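Structure below is input.txt: compact mmCIF, C-alpha atoms and all ligand atoms.
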# COMPACT_ATOMS: atom_id res chain seq x y z
CA MET A 624 15.17 58.26 -48.95
CA GLU A 625 15.01 54.77 -50.42
CA LYS A 626 13.78 52.13 -48.02
CA LYS A 627 16.50 49.74 -46.89
CA ASN A 628 16.06 46.01 -47.30
CA THR A 629 15.86 43.98 -44.11
CA VAL A 630 18.44 41.44 -42.94
CA LEU A 631 17.92 39.11 -39.98
CA SER A 632 19.79 36.26 -38.36
CA LEU A 633 19.95 34.61 -34.95
CA VAL A 634 22.54 32.49 -33.19
CA GLN A 635 21.71 29.99 -30.45
CA PRO A 636 23.32 30.46 -27.04
CA SER A 637 23.77 26.72 -26.73
CA GLY A 638 27.55 26.41 -26.42
CA ASN A 639 30.83 28.16 -27.00
CA LEU A 640 30.80 29.82 -30.40
CA THR A 641 33.31 28.48 -32.92
CA ILE A 642 35.16 29.98 -35.85
CA GLY A 643 32.55 28.09 -37.92
CA ASN A 644 29.85 30.34 -36.46
CA TYR A 645 32.14 33.31 -36.95
CA LEU A 646 33.14 32.70 -40.57
CA GLY A 647 29.87 31.10 -41.70
CA ALA A 648 27.55 33.68 -40.20
CA MET A 649 28.65 36.36 -37.76
CA LYS A 650 31.50 37.94 -39.71
CA ASN A 651 29.07 38.49 -42.58
CA PHE A 652 26.64 40.29 -40.27
CA VAL A 653 29.24 43.02 -39.80
CA ASP A 654 29.59 43.52 -43.55
CA LEU A 655 25.82 43.94 -43.91
CA GLN A 656 25.14 46.46 -41.17
CA ASP A 657 25.78 49.63 -43.18
CA GLU A 658 23.61 48.77 -46.11
CA TYR A 659 20.60 47.05 -44.54
CA ASP A 660 18.07 47.40 -41.78
CA CYS A 661 19.53 44.66 -39.58
CA TYR A 662 18.11 42.52 -36.77
CA PHE A 663 20.57 40.19 -35.06
CA GLY A 664 19.25 38.08 -32.24
CA VAL A 665 20.11 35.45 -29.68
CA ALA A 666 17.86 32.41 -30.18
CA ASP A 667 17.32 31.41 -26.56
CA LEU A 668 13.86 30.00 -27.31
CA HIS A 669 15.41 27.64 -29.85
CA SER A 670 18.12 26.51 -27.49
CA ILE A 671 15.76 24.77 -25.04
CA THR A 672 14.85 22.21 -27.70
CA VAL A 673 17.82 20.34 -26.22
CA PRO A 674 18.39 20.26 -22.44
CA GLN A 675 20.13 23.36 -21.03
CA VAL A 676 21.42 24.22 -17.58
CA PRO A 677 19.41 27.37 -16.72
CA LYS A 678 22.27 29.40 -15.30
CA ASP A 679 24.54 28.48 -18.21
CA LEU A 680 21.85 29.50 -20.68
CA ARG A 681 21.55 32.92 -19.04
CA ARG A 682 25.34 33.37 -19.06
CA ARG A 683 25.70 32.25 -22.66
CA THR A 684 22.96 34.56 -23.84
CA LYS A 685 24.95 37.47 -22.46
CA GLU A 686 28.12 36.06 -24.00
CA VAL A 687 26.63 35.97 -27.49
CA VAL A 688 25.57 39.60 -27.13
CA ALA A 689 29.07 40.61 -25.97
CA LEU A 690 30.54 38.71 -28.93
CA TYR A 691 28.22 40.44 -31.38
CA LEU A 692 29.56 43.74 -30.14
CA ALA A 693 33.16 42.53 -30.01
CA ILE A 694 33.17 41.46 -33.67
CA GLY A 695 32.04 44.96 -34.61
CA LEU A 696 28.24 45.11 -34.72
CA ASP A 697 27.24 48.68 -33.96
CA PRO A 698 24.10 48.83 -31.77
CA GLU A 699 23.35 52.29 -33.17
CA LYS A 700 22.93 50.75 -36.60
CA VAL A 701 21.52 47.30 -35.89
CA SER A 702 18.95 45.93 -33.48
CA VAL A 703 20.60 43.42 -31.17
CA PHE A 704 17.96 41.53 -29.21
CA VAL A 705 17.14 38.38 -27.28
CA GLN A 706 14.43 36.28 -28.92
CA SER A 707 12.48 35.64 -25.68
CA HIS A 708 12.22 39.40 -25.10
CA VAL A 709 10.03 39.81 -28.18
CA GLU A 710 6.93 37.76 -27.50
CA GLU A 711 5.60 38.34 -31.03
CA HIS A 712 7.93 35.55 -32.21
CA LEU A 713 5.81 33.07 -30.26
CA LYS A 714 2.55 34.54 -31.51
CA LEU A 715 3.57 34.14 -35.12
CA TYR A 716 5.03 30.72 -34.38
CA TRP A 717 1.62 29.46 -33.35
CA VAL A 718 -0.09 30.77 -36.45
CA LEU A 719 2.63 29.27 -38.67
CA ASN A 720 2.28 25.96 -36.86
CA SER A 721 -1.22 25.80 -38.25
CA ILE A 722 0.14 25.79 -41.81
CA SER A 723 3.29 23.67 -41.17
CA TYR A 724 2.97 20.13 -42.45
CA MET A 725 4.17 17.26 -40.27
CA GLY A 726 5.60 15.53 -43.34
CA GLN A 727 7.83 18.45 -44.27
CA LEU A 728 9.01 18.95 -40.68
CA SER A 729 9.90 15.29 -40.35
CA ARG A 730 12.15 15.56 -43.43
CA MET A 731 14.36 18.24 -41.86
CA THR A 732 17.87 16.77 -41.65
CA GLN A 733 18.73 18.70 -38.49
CA PHE A 734 15.66 17.23 -36.78
CA LYS A 735 16.65 13.74 -37.88
CA ASP A 736 20.22 14.23 -36.58
CA LYS A 737 19.23 15.83 -33.31
CA SER A 738 16.46 13.36 -32.61
CA GLN A 739 18.93 10.51 -33.00
CA LYS A 740 21.26 12.16 -30.50
CA ASN A 741 18.50 12.97 -28.01
CA GLU A 742 16.41 9.85 -28.16
CA GLU A 743 15.24 10.11 -24.56
CA ASN A 744 14.09 13.67 -25.10
CA LEU A 745 12.16 13.70 -28.34
CA ASN A 746 10.16 16.78 -27.53
CA ALA A 747 7.62 18.55 -29.70
CA ALA A 748 9.65 21.78 -29.72
CA LEU A 749 12.56 20.04 -31.44
CA PHE A 750 10.12 18.96 -34.14
CA THR A 751 8.65 22.41 -34.73
CA TYR A 752 11.93 24.28 -34.28
CA PRO A 753 12.04 25.23 -38.00
CA THR A 754 8.56 26.76 -37.71
CA LEU A 755 9.80 29.03 -34.92
CA MET A 756 12.77 29.94 -37.09
CA ALA A 757 10.38 30.81 -39.92
CA ALA A 758 8.46 33.01 -37.49
CA ASP A 759 11.69 34.82 -36.54
CA ILE A 760 12.33 35.57 -40.18
CA LEU A 761 8.84 36.39 -41.46
CA LEU A 762 7.94 38.58 -38.48
CA TYR A 763 10.28 41.30 -39.77
CA ASN A 764 9.58 40.88 -43.49
CA SER A 765 13.24 39.90 -43.85
CA ASP A 766 14.63 40.07 -47.37
CA TYR A 767 17.93 38.31 -46.64
CA VAL A 768 19.03 35.82 -44.02
CA PRO A 769 22.80 35.31 -43.65
CA VAL A 770 23.43 31.76 -42.40
CA GLY A 771 25.68 28.74 -42.89
CA GLU A 772 24.84 25.88 -45.23
CA ASP A 773 23.27 23.80 -42.43
CA GLN A 774 20.35 26.25 -42.29
CA ARG A 775 19.47 26.16 -45.99
CA GLN A 776 16.69 23.62 -45.59
CA HIS A 777 15.15 25.64 -42.74
CA LEU A 778 15.23 28.72 -44.95
CA GLU A 779 13.43 26.78 -47.66
CA LEU A 780 10.69 25.98 -45.14
CA ALA A 781 10.40 29.65 -44.20
CA ARG A 782 9.95 30.49 -47.88
CA ASP A 783 7.28 27.80 -48.26
CA LEU A 784 5.39 29.04 -45.22
CA ALA A 785 5.49 32.62 -46.49
CA ASP A 786 4.10 31.51 -49.84
CA ARG A 787 1.48 29.28 -48.28
CA PHE A 788 0.23 32.01 -45.95
CA ASN A 789 0.21 34.59 -48.77
CA HIS A 790 -1.88 32.25 -50.92
CA ARG A 791 -4.25 31.09 -48.22
CA TYR A 792 -5.00 34.56 -46.87
CA SER A 793 -3.54 37.38 -48.94
CA ASP A 794 -0.16 38.88 -49.66
CA THR A 795 1.44 39.44 -46.25
CA PHE A 796 4.99 38.15 -46.00
CA GLN A 797 8.12 38.92 -47.92
CA VAL A 798 9.56 35.62 -49.21
CA PRO A 799 13.10 35.63 -47.73
CA GLU A 800 16.31 34.76 -49.57
CA PRO A 801 19.16 32.89 -47.89
CA LEU A 802 22.54 34.65 -47.96
CA ILE A 803 25.06 31.84 -47.93
CA ILE A 804 28.69 32.59 -48.76
CA LYS A 805 29.83 29.39 -50.39
CA SER A 806 33.49 29.32 -49.33
CA THR A 807 32.73 29.70 -45.61
CA SER A 808 29.26 28.17 -45.44
CA LYS A 809 30.51 24.89 -44.02
CA ILE A 810 33.68 24.97 -41.95
CA MET A 811 34.53 21.38 -41.09
CA SER A 812 35.67 19.71 -37.87
CA LEU A 813 39.44 19.73 -37.35
CA ARG A 814 39.28 16.10 -36.26
CA ASN A 815 36.94 14.82 -38.96
CA PRO A 816 36.79 16.74 -42.24
CA ASP A 817 33.54 14.95 -43.16
CA ALA A 818 31.63 16.51 -40.25
CA LYS A 819 30.78 20.16 -39.74
CA MET A 820 32.57 22.08 -37.00
CA SER A 821 29.95 22.32 -34.29
CA LYS A 822 29.79 24.00 -30.91
CA SER A 823 28.04 20.90 -29.56
CA ASP A 824 30.89 18.53 -30.56
CA VAL A 825 32.04 16.62 -27.47
CA ASP A 826 35.64 16.61 -28.74
CA VAL A 827 36.88 20.12 -27.89
CA ASN A 828 39.83 19.67 -30.25
CA ALA A 829 37.47 19.44 -33.21
CA SER A 830 36.57 23.14 -32.97
CA ILE A 831 38.38 26.39 -32.46
CA TYR A 832 36.31 28.54 -30.16
CA ILE A 833 36.30 32.29 -30.64
CA LEU A 834 37.40 32.67 -27.03
CA ASP A 835 40.21 30.08 -27.14
CA PRO A 836 43.56 31.44 -25.86
CA PRO A 837 46.47 31.63 -28.37
CA GLU A 838 48.30 28.52 -27.19
CA VAL A 839 45.11 26.45 -27.47
CA ILE A 840 44.48 27.71 -31.00
CA LEU A 841 48.05 26.81 -31.96
CA LYS A 842 47.72 23.34 -30.49
CA LYS A 843 44.39 22.67 -32.21
CA VAL A 844 45.57 23.83 -35.63
CA LYS A 845 48.76 21.78 -35.33
CA GLY A 846 46.68 18.75 -34.39
CA ALA A 847 44.19 19.18 -37.24
CA VAL A 848 43.76 16.04 -39.34
CA THR A 849 45.34 16.31 -42.80
CA ASP A 850 46.79 13.47 -44.91
CA SER A 851 50.03 11.66 -45.62
CA LEU A 852 50.35 12.69 -49.26
CA ALA A 853 52.82 15.50 -48.46
CA ASN A 854 51.42 17.43 -51.38
CA PHE A 855 50.20 20.97 -50.75
CA ASP A 856 47.11 21.21 -52.91
CA TYR A 857 43.42 22.18 -52.80
CA ASN A 858 41.19 19.33 -53.89
CA ASP A 859 38.37 16.98 -52.88
CA GLU A 860 40.70 14.14 -51.93
CA GLN A 861 42.60 16.18 -49.33
CA LYS A 862 39.60 17.29 -47.32
CA GLY A 863 41.40 18.15 -44.10
CA LEU A 864 43.90 20.38 -45.85
CA ARG A 865 41.18 21.87 -48.02
CA ASN A 866 39.25 22.90 -44.92
CA LEU A 867 42.33 24.58 -43.45
CA ILE A 868 42.92 26.41 -46.73
CA ASP A 869 39.27 27.56 -46.71
CA ILE A 870 39.77 28.94 -43.21
CA TYR A 871 43.00 30.67 -44.27
CA CYS A 872 41.23 32.23 -47.28
CA ALA A 873 38.34 33.48 -45.18
CA PHE A 874 40.62 35.29 -42.76
CA GLU A 875 43.10 36.59 -45.32
CA LYS A 876 40.59 37.36 -48.09
CA VAL A 877 42.63 35.49 -50.69
CA SER A 878 41.76 32.64 -53.09
CA PRO A 879 42.71 28.97 -52.63
CA GLU A 880 44.90 29.25 -55.75
CA GLU A 881 46.93 32.02 -54.15
CA VAL A 882 47.43 29.95 -51.01
CA VAL A 883 48.50 26.89 -52.99
CA GLU A 884 50.92 29.02 -54.97
CA LYS A 885 52.39 30.43 -51.76
CA TYR A 886 52.82 27.09 -49.95
CA LYS A 887 53.58 24.74 -52.85
CA GLY A 888 56.57 22.66 -51.76
CA GLU A 889 56.28 23.79 -48.11
CA SER A 890 55.49 21.40 -45.27
CA TYR A 891 51.96 21.25 -43.86
CA ALA A 892 53.54 22.19 -40.52
CA LYS A 893 54.75 25.55 -41.80
CA PHE A 894 51.32 26.31 -43.27
CA LYS A 895 49.61 25.31 -40.03
CA GLU A 896 51.86 27.61 -38.00
CA ASP A 897 51.08 30.57 -40.25
CA LEU A 898 47.37 29.76 -40.19
CA ALA A 899 47.36 29.54 -36.40
CA GLN A 900 49.00 32.97 -36.17
CA ILE A 901 46.39 34.48 -38.47
CA ILE A 902 43.55 33.06 -36.40
CA ILE A 903 45.23 34.10 -33.15
CA THR A 904 45.66 37.69 -34.34
CA GLU A 905 41.99 38.13 -35.25
CA MET A 906 40.65 36.25 -32.20
CA SER A 907 42.87 38.24 -29.83
CA GLN A 908 41.40 41.50 -31.10
CA ILE A 909 37.89 40.15 -30.63
CA GLN A 910 38.71 38.79 -27.18
CA GLU A 911 40.08 42.10 -25.99
CA LYS A 912 36.84 43.87 -26.88
CA TYR A 913 34.75 40.96 -25.61
CA ASN A 914 36.35 41.25 -22.17
CA GLU A 915 35.36 44.91 -21.96
CA PHE A 916 31.75 44.25 -22.94
CA ILE A 917 31.13 41.13 -20.89
CA SER A 918 31.98 42.90 -17.65
CA ASN A 919 29.63 45.78 -18.42
CA THR A 920 26.20 44.31 -17.75
CA GLN A 921 24.61 47.73 -17.59
CA LEU A 922 25.72 48.59 -21.10
CA LEU A 923 24.64 45.18 -22.44
CA ASP A 924 21.21 45.58 -20.86
CA THR A 925 20.76 49.06 -22.33
CA ILE A 926 21.67 47.76 -25.78
CA LEU A 927 19.27 44.83 -25.41
CA GLU A 928 16.48 47.09 -24.22
CA ASN A 929 16.89 49.32 -27.26
CA GLY A 930 17.15 46.32 -29.53
CA ARG A 931 13.99 44.82 -28.04
CA ASP A 932 12.07 48.08 -28.46
CA ARG A 933 13.13 48.48 -32.07
CA ALA A 934 12.32 44.86 -32.83
CA ARG A 935 8.91 45.00 -31.14
CA ASN A 936 8.03 48.17 -32.92
CA LYS A 937 8.17 46.28 -36.18
CA ALA A 938 6.93 42.95 -34.82
CA TYR A 939 3.68 44.11 -33.23
CA ARG A 940 2.45 45.64 -36.48
CA MET A 941 3.03 42.37 -38.28
CA ILE A 942 1.18 40.39 -35.61
CA ASP A 943 -1.72 42.79 -35.77
CA LYS A 944 -1.94 42.27 -39.52
CA VAL A 945 -1.58 38.49 -39.28
CA TYR A 946 -4.21 38.17 -36.53
CA ARG A 947 -6.61 40.24 -38.60
CA LYS A 948 -6.04 38.13 -41.72
CA VAL A 949 -6.42 34.85 -39.85
CA GLY A 950 -9.76 36.05 -38.48
CA PHE A 951 -9.08 36.56 -34.79
CA TYR A 952 -11.65 38.93 -33.30
CA GLN A 953 -9.97 42.21 -32.41
CA LEU A 954 -11.59 44.66 -30.03
CA GLY A 955 -12.55 47.99 -31.51
CA LYS A 956 -11.93 46.88 -35.09
CA LYS A 957 -14.28 45.86 -37.83
P1 LIG B 1001 24.18 27.68 -34.48
O1 LIG B 1001 25.50 27.29 -33.88
O2 LIG B 1001 23.45 26.48 -34.96
O3 LIG B 1001 23.37 28.61 -33.65
O4 LIG B 1001 24.57 28.48 -35.77
C1 LIG B 1001 24.70 29.88 -35.86
C2 LIG B 1001 25.08 30.26 -37.27
O5 LIG B 1001 26.39 29.74 -37.57
C3 LIG B 1001 24.15 29.67 -38.32
O6 LIG B 1001 23.96 30.62 -39.35
C4 LIG B 1001 24.89 28.48 -38.83
O7 LIG B 1001 24.54 28.12 -40.14
C5 LIG B 1001 26.34 28.95 -38.75
N1 LIG B 1001 27.29 27.83 -38.60
C6 LIG B 1001 27.32 26.94 -37.57
N2 LIG B 1001 28.31 26.05 -37.73
C7 LIG B 1001 28.93 26.38 -38.91
C8 LIG B 1001 30.05 25.83 -39.64
N3 LIG B 1001 30.72 24.78 -39.19
N4 LIG B 1001 30.39 26.43 -40.80
C9 LIG B 1001 29.72 27.51 -41.26
N5 LIG B 1001 28.67 28.08 -40.62
C10 LIG B 1001 28.27 27.52 -39.46
N1 LIG B 1002 18.38 27.74 -36.24
C1 LIG B 1002 19.50 28.63 -36.36
C2 LIG B 1002 20.79 27.88 -36.04
O1 LIG B 1002 20.81 26.93 -35.33
C3 LIG B 1002 19.39 29.80 -35.44
C4 LIG B 1002 18.23 30.65 -35.82
C5 LIG B 1002 17.06 30.78 -35.14
C6 LIG B 1002 18.13 31.48 -36.97
N2 LIG B 1002 16.23 31.65 -35.75
C7 LIG B 1002 16.84 32.10 -36.89
C8 LIG B 1002 18.97 31.77 -38.03
C9 LIG B 1002 16.40 32.98 -37.88
C10 LIG B 1002 18.52 32.64 -39.02
C11 LIG B 1002 17.25 33.24 -38.94
O2 LIG B 1002 21.81 28.28 -36.51

Once you've parsed the file, please lay out its structure as structure tokens.
Ligand code: AMP
Ligand code: TRP
Amino acid sequence: MEKKNTVLSLVQPSGNLTIGNYLGAMKNFVDLQDEYDCYFGVADLHSITVPQVPKDLRRRTKEVVALYLAIGLDPEKVSVFVQSHVEEHLKLYWVLNSISYMGQLSRMTQFKDKSQKNEENLNAALFTYPTLMAADILLYNSDYVPVGEDQRQHLELARDLADRFNHRYSDTFQVPEPLIIKSTSKIMSLRNPDAKMSKSDVDVNASIYILDPPEVILKKVKGAVTDSLANFDYNDEQKGLRNLIDIYCAFEKVSPEEVVEKYKGESYAKFKEDLAQIIITEMSQIQEKYNEFISNTQLLDTILENGRDRARNKAYRMIDKVYRKVGFYQLGKK
């Protein structure tokens, strides 16, 4: 049998997941699970780079797992795991730190943004966050990493670190490719079409959360910022409307041209109502399954135990190899 390529991605349990997370990343995970050897994790180690309330972090970690299952990830096919359960991530992180350059890390736009927002808590982990992300990826020899546009620069760093290690020691790591679906790679805020929709946005009306009830989704879509041109079109000047059309296309699997054709001459209000219904239908299905999983801690734990074991089975071999190449003395080996 031909060996399957490896796909890996993680999502941070640092807030309520939005349809940006869903369309930009998670929905694509489901499409990949049949064809690839998949590892989908919850990045709890990453999340403490900004302050977290411990009990909320624990709850949210479980919530991300339940959502993974609710959107259709099959734990028989993919390894679903929590990052802190696989200690090899931290072992590789340290080694990669030794070849990460301060200059490159300080140019990461996410670091620059987050450090501005958290000026009183400029911790070292926030700075080396992309190195940990590279460790997540390289540990499994990942071929493809499905993420949103905001992670492209971090992926570039992971590729650089793989190359650098391979050159300094010898060929060890697969150089990973980002898998970024252009049309959904950057879902924008409903309140400000120049900013990305983010689960950490303080304005709850800027994002639709996967677990929002129908009436809230309707209200948020209706309140989404558009323009006063009263011209149903898809272009760079009408950014708010363009974002809503992108969301429509992602759910309905149609092209922007088809949407424009359908709604030409219609009011924005009519389009928004239809869009809200489409989102509500898909979110309701997810929510129904989510509610079953979230109340079944025993099942979630069994899935995470299996996921951890499968992940570690691959990870420990890589660490063994890396430690040997770096020159760490290993008992019983030459
Ligand atoms: P995070 O919320 O940072 O843990 O992101 C989890 C995944 O969702 C990553 O692959 C992100 O790139 C993706 N993502 C987050 N926000 C958006 C967005 N507004 N549009 C598209 N993808 C996103
Ligand atoms: N940094 C990513 C984010 O905020 C989450 C993440 C951590 C990740 N490790 C990863 C994504 C490895 C892809 C691969 O979205």

Give as a VMD selection string the residues surrounding ligand LIG 1002 (chain B) up to a distance of 9 Å, considering all atoms listed in the file. chain A and resid 631 to 635 644 648 663 to 670 706 752 to 753 755 to 760 768 to 771 773 to 774 777 to 778 801

Dump of C-alpha atoms for the selected residues, as a short mmCIF file (atom, residue, chain, number, x, y, z; two decimals), in the frame of the given file:
data_model
loop_
_atom_site.label_atom_id
_atom_site.label_comp_id
_atom_site.auth_asym_id
_atom_site.auth_seq_id
_atom_site.Cartn_x
_atom_site.Cartn_y
_atom_site.Cartn_z
CA LEU A 631 17.92 39.11 -39.98
CA SER A 632 19.79 36.26 -38.36
CA LEU A 633 19.95 34.61 -34.95
CA VAL A 634 22.54 32.49 -33.19
CA GLN A 635 21.71 29.99 -30.45
CA ASN A 644 29.85 30.34 -36.46
CA ALA A 648 27.55 33.68 -40.20
CA PHE A 663 20.57 40.19 -35.06
CA GLY A 664 19.25 38.08 -32.24
CA VAL A 665 20.11 35.45 -29.68
CA ALA A 666 17.86 32.41 -30.18
CA ASP A 667 17.32 31.41 -26.56
CA LEU A 668 13.86 30.00 -27.31
CA HIS A 669 15.41 27.64 -29.85
CA SER A 670 18.12 26.51 -27.49
CA GLN A 706 14.43 36.28 -28.92
CA TYR A 752 11.93 24.28 -34.28
CA PRO A 753 12.04 25.23 -38.00
CA LEU A 755 9.80 29.03 -34.92
CA MET A 756 12.77 29.94 -37.09
CA ALA A 757 10.38 30.81 -39.92
CA ALA A 758 8.46 33.01 -37.49
CA ASP A 759 11.69 34.82 -36.54
CA ILE A 760 12.33 35.57 -40.18
CA VAL A 768 19.03 35.82 -44.02
CA PRO A 769 22.80 35.31 -43.65
CA VAL A 770 23.43 31.76 -42.40
CA GLY A 771 25.68 28.74 -42.89
CA ASP A 773 23.27 23.80 -42.43
CA GLN A 774 20.35 26.25 -42.29
CA HIS A 777 15.15 25.64 -42.74
CA LEU A 778 15.23 28.72 -44.95
CA PRO A 801 19.16 32.89 -47.89
#

Kindly indicate which residue among A:Asp660, A:Glu905, A:Glu889, A:Asp697 lies nearest to Asn764 in chain A, using only C-alpha atoms for the distances. A:Asp660

Let me make sure I understand: among A:Glu881, A:Asp766, A:Glu915, A:Glu896, which one has the smallest atom-to-atom distance to Ala785 in chain A if we use only C-alpha atoms?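 With only C-alpha atoms as the atom set, the closest residue is A:Asp766.
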
CA of Ile926 in chain A and CA of Val703 in chain A, how far apart in Å?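 Here the two named atoms are 7.0 Å from each other.
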
Could you pull the residues within 12 Å of Lys626 in chain A, counting all atoms listed in the file, minus those fewer than 3 positions along the same chain, as a ChimeraX atom specification? /A:629,658-660

Pairwise distance, CA of Val688 in chain A with CA of Pro636 in chain A, equals 9.4 Å

Quick one: pull the distance between CA of Ile917 in chain A and CA of Ile694 in chain A, Å, one decimal.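 Distance reported for this atom pair: 12.9 Å.
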
Skip Asp856 in chain A itself and residues of its chain fewer than 4 positions away, then list as a PyMOL selection string all residues within 8 Å of it, counting only C-alpha atoms. chain A and resi 861+864-865+883+887

7 Å contact set for Gln656 in chain A, only C-alpha atoms, chain neighbours under 4 positions out, as a PDB file with C-alpha atoms, in the coordinates of the input:
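Just written: out.pdb:
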ATOM      1  CA  PHE A 652      26.640  40.290 -40.270  1.00  0.00           C
ATOM      2  CA  CYS A 661      19.530  44.660 -39.580  1.00  0.00           C
ATOM      3  CA  LYS A 700      22.930  50.750 -36.600  1.00  0.00           C
ATOM      4  CA  VAL A 701      21.520  47.300 -35.890  1.00  0.00           C
TER       5      VAL A 701
END

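Each of A:Tyr724, A:Tyr716, A:Tyr763, A:Tyr832 was compared to ligand LIG 1001 (chain B) using all atoms listed in the file, and A:Tyr832 turns out to be the nearest.
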
For range 899-921 of chain A, where the input has fewer atoms than it should, I would like N, CA and C atoms rebuilt and written as a tab-separated table (two decimals), in the coordinates of the input.
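Listing of out-v1.tsv after writing:
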chain	number	residue	atom	x	y	z
A	899	ALA	N	47.66	29.33	-37.82
A	899	ALA	CA	47.36	29.54	-36.40
A	899	ALA	C	47.60	31.00	-36.02
A	900	GLN	N	48.70	31.57	-36.51
A	900	GLN	CA	49.00	32.97	-36.17
A	900	GLN	C	47.92	33.91	-36.69
A	901	ILE	N	47.44	33.63	-37.88
A	901	ILE	CA	46.39	34.48	-38.47
A	901	ILE	C	45.11	34.42	-37.62
A	902	ILE	N	44.77	33.21	-37.21
A	902	ILE	CA	43.55	33.06	-36.40
A	902	ILE	C	43.75	33.75	-35.05
A	903	ILE	N	44.93	33.52	-34.47
A	903	ILE	CA	45.23	34.10	-33.15
A	903	ILE	C	45.13	35.63	-33.20
A	904	THR	N	45.68	36.22	-34.25
A	904	THR	CA	45.66	37.69	-34.34
A	904	THR	C	44.22	38.21	-34.33
A	905	GLU	N	43.37	37.61	-35.17
A	905	GLU	CA	41.99	38.13	-35.25
A	905	GLU	C	41.20	37.81	-33.97
A	906	MET	N	41.40	36.60	-33.42
A	906	MET	CA	40.65	36.25	-32.20
A	906	MET	C	41.10	37.10	-31.01
A	907	SER	N	42.39	37.43	-30.97
A	907	SER	CA	42.87	38.24	-29.83
A	907	SER	C	42.21	39.61	-29.83
A	908	GLN	N	42.06	40.18	-31.02
A	908	GLN	CA	41.40	41.50	-31.10
A	908	GLN	C	39.96	41.41	-30.62
A	909	ILE	N	39.29	40.34	-31.04
A	909	ILE	CA	37.89	40.15	-30.63
A	909	ILE	C	37.82	39.94	-29.12
A	910	GLN	N	38.74	39.12	-28.62
A	910	GLN	CA	38.71	38.79	-27.18
A	910	GLN	C	38.93	40.01	-26.30
A	911	GLU	N	39.81	40.89	-26.78
A	911	GLU	CA	40.08	42.10	-25.99
A	911	GLU	C	38.80	42.93	-25.84
A	912	LYS	N	38.09	43.09	-26.94
A	912	LYS	CA	36.84	43.87	-26.88
A	912	LYS	C	35.78	43.10	-26.09
A	913	TYR	N	35.73	41.80	-26.31
A	913	TYR	CA	34.75	40.96	-25.61
A	913	TYR	C	34.88	41.15	-24.09
A	914	ASN	N	36.13	41.14	-23.61
A	914	ASN	CA	36.35	41.25	-22.17
A	914	ASN	C	35.83	42.57	-21.61
A	915	GLU	N	35.92	43.63	-22.42
A	915	GLU	CA	35.36	44.91	-21.96
A	915	GLU	C	33.83	44.83	-21.86
A	916	PHE	N	33.22	44.27	-22.92
A	916	PHE	CA	31.75	44.25	-22.94
A	916	PHE	C	31.15	43.31	-21.90
A	917	ILE	N	31.77	42.14	-21.74
A	917	ILE	CA	31.13	41.13	-20.89
A	917	ILE	C	31.08	41.57	-19.43
A	918	SER	N	32.00	42.45	-19.04
A	918	SER	CA	31.98	42.90	-17.65
A	918	SER	C	31.08	44.12	-17.45
A	919	ASN	N	30.48	44.59	-18.54
A	919	ASN	CA	29.63	45.78	-18.42
A	919	ASN	C	28.15	45.43	-18.65
A	920	THR	N	27.58	44.79	-17.63
A	920	THR	CA	26.20	44.31	-17.75
A	920	THR	C	25.22	45.46	-18.03
A	921	GLN	N	25.52	46.60	-17.41
A	921	GLN	CA	24.61	47.73	-17.59
A	921	GLN	C	24.53	48.15	-19.06
